[in-house]
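Take a look at the structure below.
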Amino acid sequence: MKFLARKPVAPLEYTKRLWMRSWIAAVTFFLYAPLLVLFVFSFNDSKANVVWRGFTFKYYGKVFKNEALMAALGNSLTIAFLATLFSLVLGALAAVMLWKFRFPLKAGVEGAMALPIVVPEICMGVAMLMFFAAVKWPSDLPWPLNLSAITIAHITFCFPFVTMVVRARLASFNKEEEEAAKDLGASEWQAFRDVLLPHMKPGLIAGALLAFTLSLDDFVITFFTSGPNTTTFPVKVYSMVRFSVTPEVNAVSALLILLTIILTTIALKLQDISGEAGMHQ
């Protein structure tokens with residue numbers, strides 16, 4: 001058996017590869033070193049969390065025993081789930097509408113759709129607060145600043161992101177496939193369900209993951225639309241770190257990052273499965 005000799009690399013090419021690898025390593029370290037420090041210090045056996053005093057799991061136990069923190073995390077997960085669900089439906093319908101139909105002032109509608117993305121969050125927060133103060137339904141009192149207000153606010157700024165992602169995915173769709181399905185007797189709903197929706201699926205998964213992440217870690221808009229009896233996880237963590245960053249805060253942050261990694265992995269797996277199914281079709 002003959003082994004092929006490795007082709008020698010020119011000095012200039014070797015230098016380029018070395019610089020590229022060094023640059024990638026530096027960027028990766030810059031991005032993930034803070035997260036690594038957070039994970040490490042979540043096991044620190046010290047209340048001050050400045051100097052390493054030893055290894056312990058006790059702060060993870062304290063996290064699950066902290067009822068206020070768990071309630072705030074539950075509120076955030078509930079709001080994120082509802083906001084993602086509604087944003088996915090509204091964003092997908094808006095994307096199909098902007099991609100498929102022509103109507104007057106379409107350019108203006110597309111620009112208005114992008115406003116929640118480009119407008120600073122502080123402005124969105126103040127605007128949503130003024131909106132709920134002005135809305136007096138079903139009673140004469142302003143809309144209560146509770147989970148419903150936060151959820152509506154999150155849907156408002158999340159679904160345009162879903163629209164943009166799905167719209168970008170639809171740009172690569174061949175409309176002749178949908179027309180061929182109709183020529184073969186498919187109705188509008190059947191053509192959408194069996195032809196257009198499978199093509200949109202990767203964009204829907206990416207949009208849902210983006211909406212869930214944006215809703216879960218939002219602080220500014222949530223701060224303006226939450227009442228005194230409604231606390232979400234980012235607001236609760238902010239109130240805790242105002243005094244000091246304890247290992248308990250690091251522990252719950254590490255758990256949230258782990259949850260995000262798991263959801264991202266699931267979304268990527270679903271995208272791979274949908275891509276393979278599309279290739280087989």
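By order of appearance in the structure tokens: chains A, B, ..., then residues from 1 within every chain, and ligands from 1 in the order shown.
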Within 12 Å of segment 69-77 of chain A, which residues of segment 135-162 of chain A show up? Give each one with its shortest atom-to-atom distance in Å (one decimal) and the two atoms involved, counting only C-alpha atoms, rows by chain then rising residue number, as CSV.
residue,atom,partner,partner_atom,distance
A:Asn146,CA,A:Asn75,CA,10.3
A:Leu147,CA,A:Asn75,CA,7.6
A:Ser148,CA,A:Asn75,CA,10.8
A:Ile150,CA,A:Ser76,CA,9.7
A:Thr151,CA,A:Ser76,CA,9.6
A:His154,CA,A:Ser76,CA,10.9
Using only C-alpha atoms, which residues sit within 6 Å of segment 157-172 of chain A once same-chain residues fewer than 6 positions away are excluded, as a ChimeraX atom specification? /A:87,91-92,95,113,116,203,207,211
Sorted by chain and rising residue number, list the residues of segment 7-41 of chain A at most 12 Å from segment 53-64 of chain A (counting only C-alpha atoms), each with its closest atom pair and distance in Å to one decimal, as CSV.
residue,atom,partner,partner_atom,distance
A:Phe39,CA,A:Tyr60,CA,11.4
A:Val40,CA,A:Phe55,CA,9.1
A:Phe41,CA,A:Phe55,CA,8.9
Just write the chosen residues, N, CA and C atoms, as a short mmCIF file (atom, residue, chain, number, x, y, z; two decimals), in the first residue's frame.
data_model
loop_
_atom_site.label_atom_id
_atom_site.label_comp_id
_atom_site.auth_asym_id
_atom_site.auth_seq_id
_atom_site.Cartn_x
_atom_site.Cartn_y
_atom_site.Cartn_z
N PHE A 39 -19.18 30.18 33.95
CA PHE A 39 -19.40 28.79 34.32
C PHE A 39 -18.48 28.38 35.48
N VAL A 40 -17.22 28.77 35.38
CA VAL A 40 -16.25 28.37 36.41
C VAL A 40 -16.62 28.97 37.75
N PHE A 41 -16.95 30.26 37.77
CA PHE A 41 -17.23 30.92 39.04
C PHE A 41 -18.63 30.61 39.58
#
Per-residue DSSP, segment 59-193 of chain A, filtered to alpha helix (DSSP H), as a PyMOL selection string: chain A and resi 59-65+67-100+106-118+121-134+147-170+175-183+188-191
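With distances restricted to only C-alpha atoms, A:Ile221 is the closest residue to Ala127 of chain A from A:Asn174, A:Ala206, A:Phe212, A:Ile221.
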12 Å contact set for segment 132-142 of chain A, only C-alpha atoms, chain neighbours under 6 positions out, as JSON, numbers by chain: {"A": [125, 126, 148, 149, 150, 152, 153, 224, 225, 226, 227]}
Using only C-alpha atoms, the best pick from A:Thr84, A:Thr28, A:Ser239, A:Ser253 as closest to Ile205 of chain A would be A:Thr84
Between atom CA of Leu93 of chain A and atom CA of Glu110 of chain A lies a distance of 13.3 Å
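For the pair atom CA of Ile79 of chain A and atom CA of Leu197 of chain A, the separation is 25.9 Å.
Closest approach to Thr230 of chain A among A:Val51, A:Leu145, A:Leu196, A:Met20 is made by A:Leu145 (distances from only C-alpha atoms).
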